[in-house]
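Peer 1: I'd like to ask some things about the structure below.
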Amino acid sequence: MRRLQQTITSSSFPLKRRSLCPPTVHFAHRTTTAGLYEMHQRPEPHFSPHRSSPPPYLRYSSSSAAPLKSRLPSDFLSILQRNHPNLKISLNKYELDSHGRGESHHPVSPPDAVLYPSSVEEIQDILRLCCREVYREGDGDVPTVEIVSVIPYGAGTSLEGHLSFLLPQDDSVVRNNDIVEIPSSLFESNSGDSQLWENEKKRVRIKRKGGISIDMSNFQSIGELTPGDGFIKVGAGVTRNSLNDALRHTGMQFMIDPGADATLGGMTACGASGTAAVKYQTMRENVLGLTAVLPPQTIASASNDAGIGLKKPRAVTCGSNALKNSAGYNLPGLFVGSEGTLGVITDVTVKIYPVPSHVIAASCTFEDLHTAAEAVTTIRVLGIPVSRIELLDKMSIRAFNQSVKNEELKPMDEKATLFFEFAGHSESSVMADLSAARAVCVDDFEGSNFVSATDETTRSKVWAARHRLYYSSIALRGGGDDDGNGATSQSTIVTDVCVPFSSFADIVSATAEDLRDMGVFGTVFGHCGDGNYHAILPLRSDDTEEYKDKVFKVIELMTERAISVGGSVTGEHGVGYGKKKFLEQMYGAAGVSLMQTIKTSIDPWCIMNPGKIVDVDLGLGAIK
Amino acid sequence: MRKILVPIKRVIDYAQKIRVDPSKGAQGVQLKNVKMSMNPFCEIAVEEAIQLKEQNKGAEVVAISVGPKQCTETIRTALAMGADRGIHIETKPDVRGDYIDLQPWAIATLLKGVVEKEDAVDLVLLGKQSIDSDCGQTGPLLAGLLNAPQATFAANIERGDDGSFTVERETDTGTETIKLNASGKPAVITCDLRLNTPRYPTMPNIMKAKKKPVETISLEDMVKELGLDLDEVLTPKNEVVEVYEPPPRKEGETVGSIDELLGKLKEKGLVA
């Protein structure tokens with residue numbers, strides 16, 4: 001089924017990893033998120049008024065934002081094709097478009113080519129070509145360093161614009177024709193050219209020449225699982241659902257559930273987590289090892305034929321299969337959450353866990369959001385084991401009630417609601433957890449209507465409001481039926497923060513109040529067991545500037561409060577380019593500067609996903 | 001209910017890319033070092049058998065498979081899902097199950113013998129087809145050989161108190177409901193995709209499955225025991241002449257406008 005998909009999408013509008021068959025095998029203990037991003041048809045992109053720092057030429061997002069003509073160096077693709085005739089390269093307008101977009105409101109900014117390597121060697125050669133010193137016509141005796149941006153691509157489910165190339169559509173350069181001085185240590189010595197290295201600096205021009213997307217879908221290996229082991233090694237292009245499908249008869253599963261069917265490489269790069277984090281934690285704690293191809297640290301001088309044959313960019317395998325490892329620097333940790341800025345991850349070794357034998361789902365309503373949030377923090381502080389715990393505000397329930405049409409589902413009480421899942425190895429232990437949680441909710445926090453269910457069908461019904469939250473929230477602002485101005489997933493902002501338990505109840509209610517007081521439509525829900533909550537804010541194309549200002553004000557207040565209690569401006573979605581400005585408030589100038597040091601020492605030519613997480617100056621501070 | 005027999009087949013895992021070596025002629029599909037799993041429709045049949053067992057206390061689910069020695073692992077998966085015991089009719093390693101050597105007629109003949117030997121079989125649940133040969137014949141052939149009532153492509157199965165089975169069948173024109181009356185013969189039902197969602201076995205069940213009994217008997221011995229002719233069973237009724245990969249899909253043409261599109265369609269004689 002998957003390979004059938006590949007041949008169909010190669011020359012037509014790409015379907016984002018959508019299964020063409022009706023769902024067959026799923027979890028028997030049916031973990032309850034059917035998916036924040038269920039299989040759907042991609043609608044036409046709408047005007048997306050994002051307020052962070054994309055340059056002016058990105059404000060308008062057309063149905064195909066592909067560059068007008070290729071910005072790549074003229075010989076880039078031909079050199080690659082000559083040395084790797086089997087490497088698939090696509091220039092198809094729709095593939096470029098799809099590889100420059102994620103699943104969010106961030107504007108689309110596509111690459112000039114999509115490459116589909118199948119081996120580490122191919123990636124090494126590709127990265128080698130992405131920074132080169134050449135002599136072009138009219139340069140005189142000052143060579144040009146041409147830099148091609150690289151963004152690795154998994155399943156394209158990014159929520160913070162990680163896949164945007166942030167490049168102008170035409171061939172304009174980021175650096176102009178100025179000659180700059182770069183430390184010679186960034187250039188490899190060419191045989192016999194020892195004169196160059198007497199000076200500490202070398203004079204060059206630097207030009208950004210477009211971008212390429214490295215699609216990792218050929219990295220589909222799934223390692224053999226040795227019975228008794230709790231880890232498995234997979235290629236970066238393997239999606240989590242296909243990994244779990246391959247594991248379906250082993251009694252073990254990969255437990256991190258971000259909603260979307262993301263690839264393991266992408267989940268590693270963005271530090272993914274989700275509803276299961278309260279029990280199984282996040283990618284940071286679940287990645288035991290990985291292999292990554294690093295960007296080149298030095299480039300060859302112009303006289304060499306494209307630098308191939310000289311030092312290849314290194315491929316590093318780091319980490320260990322052991323659950324505990326205190327040998328040396330935490331290299332896998334460096335890559336988790338690096339958002340494609342430090343290298344191309346080619347395979348990951350992740351932890352897997354036994355499928356629980358007994359699962360119970362439950363829900364409980366509360367008078368207000370603050371009380372519900374307090375109930376959660378009490379449950380956590382008391383150490384009552386939960387396998388999932390989600391908080392939905394009144395508006396979320398209203399969205400669900402509006403979405404229920406002629407089904408077996410019943411509308412719920414329009415109040416703040418907690419959704420639970422308890423799982424364990426024995427029925428008695430799971431029942432004990434359930435009773436303890438129920439006691440807290442009902443006796444201590446006046447919760448009402450505490451329902452629970454053990455069989456899969458009823459459990460899905462209990463959690464229905466949470467399952468369809470994303471789309472029902474968008475539908476709150478008229479998706480579909482009206483004149484085409486209604487909100488869609490392209491025009492919906494989903495943002496999140498994470499705060500310590502002691503401030504969670506206050507901060508999450510404050511956001512819900514902001515929405516009410518400022519008249520902004522949106523739902524607030526959270527993986528409250530971790531102090532993490534999201535706001536889904538759908539926008540319509542006929543919204544006034546005033547309204548959009550209010551939406552961004554809500555987000556600003558959310559992030560400021562999170563920072564003020566020492567929390568995080570993003571619990572799950574990552575920084576991308578939209579949240580870069582908050583990093584200094586969170587970590588201070590020294591923290592950000594250390595991140596810049598790491599970035600420049602691993603990727604001195606800044607080819608990897610430039611403009612994300614931190615800004616760097618080429619030349620290590622020597623030029624602005 | 002007494003016994004439910006579930007024949008299962010070990011095939012190339014459905015997510016694997018199939019490789020064909022045309023120089024090998026009919027034996028072209030590569031089986032070496034390829035991941036093998038239980039046929040997905042057989043998984044659905046096993047799941048249905050377990051669900052029926054759970055509803056009818058005292059029923060015994062027997063999984064049976066014909067194939068090389070690794071089939072025991074496939075049977076263990078069925079046991080981990082909840083089957084009670086297994087029967088493995090072991091073939092020599094070079095005997096191919098993907099229609100080259102063993103074909104539905106041979107399997108159905110063997111299964112008929114097993115059903116009669118086991119006695120007290122109320123229901124035989126099979127997948128509607130296997131994903132390597134796509135024949136879909138084993139169930140109907142078995143019903144014919146047994147002179148038993150059958151229903152294929154089941155999307156829903158309900159058992160009546162009188163031992164009858166009411167089956168909803170999915171067809172291209174809609175859903176058809178058939179009642180298989182209790183007849184003294186086992187009902188033969190083949191299972192389709194939407195019948196159920198097979199459970200993922202948990203670790204404790206996988207460990208328990210290791211201790212459940214699996215009777216292994218060689219194909220030759222089973223044939224002798226059932227009083228059949230080995231040549232009859234092993235000589236395929238149909239001969240596979242050629243195996244080849246479908247031709248790769250050609251790139252489409254991009255057109256600039258609707259008029260151009262219509263022009264091209266007319267050119268190719270696709271519209272008048």
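Chain labels run A, B, ... following the order of the structure tokens; each chain numbers its residues from 1, and ligands are numbered from 1 in the order shown.
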List every residue of segment 4-237 of chain B that DSSP, applied to the backbone of this structure, assigns to strand (DSSP E), and report them as a count of residues only.
Peer 2: 65
Peer 1: How close does chain B get to chain A? List, as a tab-separated table, each residue of chain B within 10 Å, its nearest atom pair and the distance in Å to one decimal, counting only C-alpha atoms.
Peer 2:
```
residue	atom	partner	partner_atom	distance
B:Asp13	CA	A:Ala246	CA	8.9
B:Tyr14	CA	A:Met1	CA	7.7
B:Ala15	CA	A:Met1	CA	6.7
B:Gln16	CA	A:Arg3	CA	8.5
B:Lys17	CA	A:Arg3	CA	7.0
B:Ile18	CA	A:Arg3	CA	9.8
B:Lys35	CA	A:Ala246	CA	9.8
B:Ser37	CA	A:His249	CA	9.1
B:Met38	CA	A:His249	CA	9.7
B:Pro40	CA	A:Val25	CA	8.7
B:Glu43	CA	A:Val25	CA	9.6
B:Ile44	CA	A:Val25	CA	9.3
B:Thr74	CA	A:His249	CA	9.7
B:Arg76	CA	A:His249	CA	9.9
B:Thr77	CA	A:His249	CA	6.6
B:Ala78	CA	A:His249	CA	9.5
B:Ala80	CA	A:His249	CA	8.5
B:Met81	CA	A:His249	CA	8.9
B:Leu193	CA	A:Thr24	CA	7.1
B:Arg194	CA	A:Thr24	CA	7.8
B:Asn196	CA	A:Thr24	CA	8.6
B:Thr197	CA	A:Val25	CA	5.7
B:Pro198	CA	A:Val25	CA	6.3
B:Arg199	CA	A:Ala28	CA	4.4
B:Tyr200	CA	A:Ala28	CA	5.1
B:Pro201	CA	A:Gly251	CA	5.5
B:Thr202	CA	A:Gly251	CA	4.5
B:Met203	CA	A:Gly251	CA	4.7
B:Pro204	CA	A:Ser357	CA	7.9
B:Asn205	CA	A:Gly251	CA	8.5
B:Ile206	CA	A:Gly251	CA	7.1
B:Met207	CA	A:Gly251	CA	9.7
B:Pro248	CA	A:Thr7	CA	8.3
B:Arg249	CA	A:Thr7	CA	7.1
B:Lys250	CA	A:Ser11	CA	8.9
B:Glu251	CA	A:Ser11	CA	6.1
B:Gly252	CA	A:Ser11	CA	6.5
B:Glu253	CA	A:Ser11	CA	9.0
B:Thr254	CA	A:Ser11	CA	9.5
```
Peer 1: Limited to N, CA, C and O atoms, could you put the picked residues into a file as a compact mmCIF listing (two decimals), in the first residue's frame?
Peer 2:
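And here's again-v9.txt as it stands now:
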```txt
# COMPACT_ATOMS: atom_id res chain seq x y z
N ASP B 13 5.07 -10.20 4.16
CA ASP B 13 4.40 -9.12 4.89
C ASP B 13 3.85 -8.07 3.91
O ASP B 13 4.51 -7.69 2.96
N TYR B 14 2.62 -7.61 4.19
CA TYR B 14 1.95 -6.75 3.20
C TYR B 14 2.67 -5.44 2.96
O TYR B 14 2.49 -4.79 1.94
N ALA B 15 3.52 -5.00 3.91
CA ALA B 15 4.19 -3.71 3.74
C ALA B 15 5.52 -3.84 2.98
O ALA B 15 6.18 -2.84 2.73
N GLN B 16 5.90 -5.05 2.62
CA GLN B 16 7.18 -5.25 1.94
C GLN B 16 7.08 -4.96 0.45
O GLN B 16 6.04 -5.19 -0.16
N LYS B 17 8.18 -4.48 -0.10
CA LYS B 17 8.22 -4.31 -1.55
C LYS B 17 8.55 -5.67 -2.17
O LYS B 17 9.49 -6.33 -1.78
N ILE B 18 7.78 -6.07 -3.16
CA ILE B 18 7.99 -7.37 -3.80
C ILE B 18 9.06 -7.23 -4.87
O ILE B 18 9.03 -6.29 -5.67
N LYS B 35 10.68 -10.16 4.92
CA LYS B 35 9.87 -10.35 6.13
C LYS B 35 8.56 -11.04 5.79
O LYS B 35 7.85 -10.63 4.87
N SER B 37 4.77 -12.61 7.27
CA SER B 37 3.80 -12.48 8.37
C SER B 37 2.56 -13.29 8.06
O SER B 37 2.43 -13.83 6.98
N MET B 38 1.63 -13.28 9.01
CA MET B 38 0.35 -13.92 8.77
C MET B 38 -0.41 -13.10 7.74
O MET B 38 -0.43 -11.87 7.80
N PRO B 40 -3.04 -10.92 6.12
CA PRO B 40 -3.93 -10.01 6.86
C PRO B 40 -5.36 -10.52 6.97
O PRO B 40 -6.01 -10.32 8.01
N GLU B 43 -5.53 -12.98 9.68
CA GLU B 43 -5.53 -12.32 11.00
C GLU B 43 -6.95 -11.96 11.39
O GLU B 43 -7.35 -12.11 12.55
N ILE B 44 -7.71 -11.44 10.41
CA ILE B 44 -9.09 -11.05 10.68
C ILE B 44 -9.91 -12.29 11.06
O ILE B 44 -10.76 -12.24 11.95
N THR B 74 4.12 -18.35 12.87
CA THR B 74 2.84 -17.75 12.49
C THR B 74 1.72 -18.32 13.35
O THR B 74 0.83 -17.60 13.80
N ARG B 76 2.11 -19.45 16.34
CA ARG B 76 2.27 -18.88 17.69
C ARG B 76 1.61 -17.51 17.78
O ARG B 76 1.08 -17.13 18.83
N THR B 77 1.67 -16.73 16.69
CA THR B 77 0.99 -15.42 16.71
C THR B 77 -0.51 -15.62 16.90
O THR B 77 -1.15 -14.90 17.68
N ALA B 78 -1.07 -16.61 16.19
CA ALA B 78 -2.50 -16.88 16.36
C ALA B 78 -2.78 -17.30 17.81
O ALA B 78 -3.78 -16.91 18.41
N ALA B 80 -1.07 -16.39 20.40
CA ALA B 80 -0.93 -15.20 21.24
C ALA B 80 -2.18 -14.33 21.18
O ALA B 80 -2.53 -13.66 22.14
N MET B 81 -2.86 -14.39 20.03
CA MET B 81 -4.10 -13.61 19.93
C MET B 81 -5.23 -14.28 20.69
O MET B 81 -6.24 -13.65 20.96
N LEU B 193 -12.33 -7.49 4.87
CA LEU B 193 -11.57 -6.47 5.58
C LEU B 193 -12.32 -5.83 6.74
O LEU B 193 -11.78 -5.60 7.82
N ARG B 194 -13.60 -5.53 6.52
CA ARG B 194 -14.31 -4.73 7.53
C ARG B 194 -14.98 -5.56 8.61
O ARG B 194 -15.78 -5.06 9.38
N ASN B 196 -13.58 -7.02 11.30
CA ASN B 196 -13.14 -6.61 12.63
C ASN B 196 -11.75 -5.99 12.51
O ASN B 196 -11.19 -5.91 11.43
N THR B 197 -11.23 -5.53 13.63
CA THR B 197 -9.85 -5.05 13.66
C THR B 197 -9.06 -5.99 14.56
O THR B 197 -9.31 -6.06 15.76
N PRO B 198 -8.10 -6.73 13.99
CA PRO B 198 -7.38 -7.72 14.79
C PRO B 198 -6.64 -7.09 15.96
O PRO B 198 -6.07 -6.00 15.84
N ARG B 199 -6.69 -7.75 17.09
CA ARG B 199 -6.04 -7.22 18.28
C ARG B 199 -4.52 -7.37 18.20
O ARG B 199 -4.02 -8.25 17.50
N TYR B 200 -3.80 -6.49 18.90
CA TYR B 200 -2.36 -6.66 19.03
C TYR B 200 -2.13 -7.51 20.27
O TYR B 200 -2.58 -7.15 21.35
N PRO B 201 -1.43 -8.62 20.15
CA PRO B 201 -1.21 -9.45 21.34
C PRO B 201 -0.33 -8.74 22.35
O PRO B 201 0.60 -8.02 21.98
N THR B 202 -0.63 -8.92 23.62
CA THR B 202 0.19 -8.33 24.68
C THR B 202 1.28 -9.33 25.07
O THR B 202 1.17 -10.52 24.81
N MET B 203 2.30 -8.83 25.73
CA MET B 203 3.43 -9.67 26.14
C MET B 203 3.00 -10.90 26.94
O MET B 203 3.44 -12.01 26.66
N PRO B 204 2.16 -10.74 27.98
CA PRO B 204 1.76 -11.93 28.75
C PRO B 204 1.13 -13.00 27.85
O PRO B 204 1.40 -14.19 28.02
N ASN B 205 0.33 -12.58 26.87
CA ASN B 205 -0.29 -13.56 25.98
C ASN B 205 0.73 -14.20 25.05
O ASN B 205 0.61 -15.37 24.71
N ILE B 206 1.73 -13.42 24.63
CA ILE B 206 2.77 -13.98 23.78
C ILE B 206 3.53 -15.05 24.56
O ILE B 206 3.87 -16.11 24.02
N MET B 207 3.78 -14.79 25.83
CA MET B 207 4.52 -15.78 26.63
C MET B 207 3.67 -17.00 26.87
O MET B 207 4.15 -18.13 26.82
N PRO B 248 6.67 0.24 -15.14
CA PRO B 248 6.64 1.44 -14.30
C PRO B 248 5.70 2.48 -14.90
O PRO B 248 5.55 2.58 -16.11
N ARG B 249 5.09 3.27 -14.02
CA ARG B 249 4.15 4.27 -14.46
C ARG B 249 4.89 5.39 -15.16
O ARG B 249 5.91 5.86 -14.69
N LYS B 250 4.35 5.82 -16.26
CA LYS B 250 5.01 6.90 -17.01
C LYS B 250 4.64 8.24 -16.42
O LYS B 250 3.57 8.43 -15.88
N GLU B 251 5.57 9.19 -16.56
CA GLU B 251 5.32 10.56 -16.11
C GLU B 251 4.16 11.14 -16.90
O GLU B 251 4.03 10.89 -18.08
N GLY B 252 3.38 11.95 -16.24
CA GLY B 252 2.29 12.61 -16.96
C GLY B 252 2.80 13.82 -17.71
O GLY B 252 3.95 14.21 -17.58
N GLU B 253 1.92 14.41 -18.48
CA GLU B 253 2.28 15.64 -19.20
C GLU B 253 1.61 16.81 -18.51
O GLU B 253 0.44 16.73 -18.18
N THR B 254 2.34 17.90 -18.35
CA THR B 254 1.71 19.08 -17.78
C THR B 254 1.15 19.91 -18.92
O THR B 254 1.83 20.14 -19.92
```
Peer 1: Do a neighbour search on Glu116 of chain B at 12 Å with only C-alpha atoms, toss out local chain neighbours closer than 6 positions, and write the hits as a list in words.
Peer 2: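 Residues near the query, excluding close chain neighbours: Leu5, Thr109, Leu110, Asp122, Val124, Leu142, Leu145, Leu146, Gly184, Lys185, Pro186, Glu225 and Leu226 of chain B.
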Peer 1: Taking into account only C-alpha atoms, which residue in the set B:Pro93, B:Thr171, B:Leu102, B:Arg2 is nearest to Gly58 of chain B?
Peer 2: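 Among B:Pro93, B:Thr171, B:Leu102, B:Arg2, it is B:Arg2 that comes nearest to Gly58 of chain B.
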Peer 1: Using only C-alpha atoms for the distances, tell me which of A:Lys581, A:Arg477, A:Arg284, A:Lys279 is nearest to Asp530 of chain A.
Peer 2: A:Lys279
Peer 1: If you run DSSP over the backbone, which residues in segment 330-458 of chain A end up alpha helix (DSSP H)? Put them as number ranges by chain.
Peer 2: A: 331-335, 369-381, 394-403, 427-438, 445, 456-458
Peer 1: Got time to write the residues from that selection, N, CA and C atoms, as a short mmCIF file (atom, residue, chain, number, x, y, z; two decimals), in the first residue's frame?
Peer 2:
```
data_model
loop_
_atom_site.label_atom_id
_atom_site.label_comp_id
_atom_site.auth_asym_id
_atom_site.auth_seq_id
_atom_site.Cartn_x
_atom_site.Cartn_y
_atom_site.Cartn_z
N LEU A 331 25.46 13.31 22.82
CA LEU A 331 25.32 13.69 21.41
C LEU A 331 23.91 13.50 20.85
N PRO A 332 23.24 12.36 21.14
CA PRO A 332 21.87 12.28 20.61
C PRO A 332 21.02 13.43 21.12
N GLY A 333 21.24 13.83 22.37
CA GLY A 333 20.47 14.93 22.95
C GLY A 333 20.67 16.21 22.18
N LEU A 334 21.85 16.39 21.59
CA LEU A 334 22.12 17.59 20.82
C LEU A 334 21.22 17.66 19.59
N PHE A 335 20.98 16.47 18.99
CA PHE A 335 20.18 16.47 17.77
C PHE A 335 18.69 16.50 18.02
N LEU A 369 -12.75 25.79 34.50
CA LEU A 369 -11.45 25.33 34.01
C LEU A 369 -10.43 25.30 35.13
N HIS A 370 -10.47 26.30 35.99
CA HIS A 370 -9.47 26.39 37.05
C HIS A 370 -9.57 25.18 37.98
N THR A 371 -10.79 24.83 38.34
CA THR A 371 -10.98 23.67 39.23
C THR A 371 -10.49 22.39 38.56
N ALA A 372 -10.83 22.24 37.27
CA ALA A 372 -10.39 21.03 36.55
C ALA A 372 -8.86 20.96 36.55
N ALA A 373 -8.22 22.11 36.29
CA ALA A 373 -6.76 22.12 36.24
C ALA A 373 -6.18 21.79 37.61
N GLU A 374 -6.80 22.30 38.66
CA GLU A 374 -6.31 21.98 40.00
C GLU A 374 -6.44 20.49 40.28
N ALA A 375 -7.55 19.89 39.81
CA ALA A 375 -7.74 18.45 40.03
C ALA A 375 -6.59 17.67 39.40
N VAL A 376 -6.19 18.09 38.20
CA VAL A 376 -5.10 17.40 37.50
C VAL A 376 -3.81 17.49 38.28
N THR A 377 -3.49 18.71 38.71
CA THR A 377 -2.21 18.87 39.39
C THR A 377 -2.22 18.09 40.70
N THR A 378 -3.37 18.02 41.35
CA THR A 378 -3.45 17.23 42.58
C THR A 378 -3.21 15.76 42.28
N ILE A 379 -3.85 15.25 41.21
CA ILE A 379 -3.65 13.85 40.85
C ILE A 379 -2.17 13.56 40.59
N ARG A 380 -1.51 14.50 39.92
CA ARG A 380 -0.09 14.29 39.60
C ARG A 380 0.77 14.36 40.84
N VAL A 381 0.46 15.32 41.68
CA VAL A 381 1.26 15.49 42.88
C VAL A 381 1.09 14.32 43.84
N LYS A 394 -14.51 24.79 28.12
CA LYS A 394 -15.93 24.84 27.77
C LYS A 394 -16.13 24.98 26.27
N MET A 395 -15.32 25.82 25.66
CA MET A 395 -15.46 26.10 24.22
C MET A 395 -15.17 24.85 23.41
N SER A 396 -14.21 24.04 23.87
CA SER A 396 -13.90 22.80 23.16
C SER A 396 -15.10 21.87 23.17
N ILE A 397 -15.78 21.81 24.30
CA ILE A 397 -16.95 20.94 24.39
C ILE A 397 -18.06 21.49 23.50
N ARG A 398 -18.17 22.84 23.47
CA ARG A 398 -19.18 23.42 22.59
C ARG A 398 -18.86 23.04 21.14
N ALA A 399 -17.60 23.10 20.78
CA ALA A 399 -17.21 22.74 19.41
C ALA A 399 -17.60 21.31 19.12
N PHE A 400 -17.38 20.42 20.09
CA PHE A 400 -17.74 19.01 19.90
C PHE A 400 -19.24 18.87 19.74
N ASN A 401 -20.01 19.53 20.64
CA ASN A 401 -21.46 19.39 20.58
C ASN A 401 -22.00 19.84 19.23
N GLN A 402 -21.39 20.90 18.69
CA GLN A 402 -21.85 21.39 17.39
C GLN A 402 -21.50 20.42 16.28
N SER A 403 -20.49 19.59 16.52
CA SER A 403 -20.06 18.70 15.44
C SER A 403 -20.83 17.38 15.44
N GLU A 427 -5.89 -5.94 36.01
CA GLU A 427 -7.14 -5.21 36.14
C GLU A 427 -7.22 -4.51 37.49
N SER A 428 -6.74 -5.18 38.52
CA SER A 428 -6.88 -4.58 39.85
C SER A 428 -6.04 -3.32 39.98
N SER A 429 -4.83 -3.32 39.38
CA SER A 429 -4.01 -2.11 39.52
C SER A 429 -4.65 -0.95 38.77
N VAL A 430 -5.21 -1.26 37.61
CA VAL A 430 -5.83 -0.19 36.82
C VAL A 430 -7.08 0.34 37.53
N MET A 431 -7.87 -0.56 38.12
CA MET A 431 -9.06 -0.12 38.85
C MET A 431 -8.66 0.72 40.06
N ALA A 432 -7.55 0.35 40.69
CA ALA A 432 -7.12 1.13 41.86
C ALA A 432 -6.74 2.55 41.44
N ASP A 433 -6.02 2.66 40.31
CA ASP A 433 -5.66 4.00 39.82
C ASP A 433 -6.91 4.81 39.52
N LEU A 434 -7.88 4.13 38.86
CA LEU A 434 -9.11 4.82 38.49
C LEU A 434 -9.85 5.32 39.73
N SER A 435 -9.96 4.47 40.73
CA SER A 435 -10.70 4.88 41.93
C SER A 435 -10.01 6.04 42.62
N ALA A 436 -8.70 5.99 42.69
CA ALA A 436 -7.98 7.08 43.37
C ALA A 436 -8.21 8.39 42.63
N ALA A 437 -8.14 8.34 41.30
CA ALA A 437 -8.36 9.57 40.52
C ALA A 437 -9.79 10.05 40.67
N ARG A 438 -10.73 9.11 40.67
CA ARG A 438 -12.13 9.51 40.80
C ARG A 438 -12.36 10.18 42.14
N PHE A 445 -12.84 17.99 44.31
CA PHE A 445 -13.01 19.12 43.39
C PHE A 445 -14.40 19.18 42.78
N GLU A 456 -13.11 -1.22 23.79
CA GLU A 456 -12.56 -0.24 22.86
C GLU A 456 -13.58 0.71 22.26
N THR A 457 -14.73 0.17 21.86
CA THR A 457 -15.73 1.03 21.20
C THR A 457 -16.22 2.10 22.14
N THR A 458 -16.55 1.69 23.38
CA THR A 458 -17.07 2.67 24.32
C THR A 458 -15.99 3.66 24.72
#
```
Peer 1: Mind pulling up the distance from atom CA of Ile212 of chain A to atom CA of Lys93 of chain A?
Peer 2: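 Between atom CA of Lys93 of chain A and atom CA of Ile212 of chain A the gap works out to 13.2 Å.
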Peer 1: Take atom CA of His88 of chain B and atom CA of Leu52 of chain B and report the distance between them in Å, one decimal.
Peer 2: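 Rounded to one decimal, the two atoms are 22.7 Å apart.
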Peer 1: So which one's closest to Leu234 of chain B, B:Lys211, B:Lys92, B:Lys117, B:Lys3? Using only C-alpha atoms, please.
Peer 2: B:Lys92
Peer 1: Got a sec: who's within 8 Å of Gly223 of chain A, counting only C-alpha atoms, leaving out chain neighbours fewer than 2 positions off, as a short mmCIF file (atom, residue, chain, number, x, y, z; two decimals) with N, CA, C and O atoms, in the first residue's frame?
Peer 2:
```cif
data_model
loop_
_atom_site.label_atom_id
_atom_site.label_comp_id
_atom_site.auth_asym_id
_atom_site.auth_seq_id
_atom_site.Cartn_x
_atom_site.Cartn_y
_atom_site.Cartn_z
N SER A 221 14.20 1.46 6.64
CA SER A 221 14.59 0.22 7.31
C SER A 221 14.00 0.14 8.70
O SER A 221 13.89 1.14 9.39
N LEU A 225 13.84 -6.85 15.87
CA LEU A 225 13.66 -6.69 17.31
C LEU A 225 14.06 -7.97 17.98
O LEU A 225 13.48 -9.02 17.73
N ILE A 232 14.40 -0.22 19.26
CA ILE A 232 14.46 -0.64 17.87
C ILE A 232 15.09 0.46 17.03
O ILE A 232 14.89 1.65 17.31
N LYS A 233 15.83 0.07 16.02
CA LYS A 233 16.52 1.05 15.16
C LYS A 233 15.74 1.17 13.86
O LYS A 233 15.48 0.17 13.19
N VAL A 234 15.38 2.38 13.49
CA VAL A 234 14.59 2.58 12.27
C VAL A 234 15.19 3.68 11.43
O VAL A 234 15.84 4.60 11.95
#
```
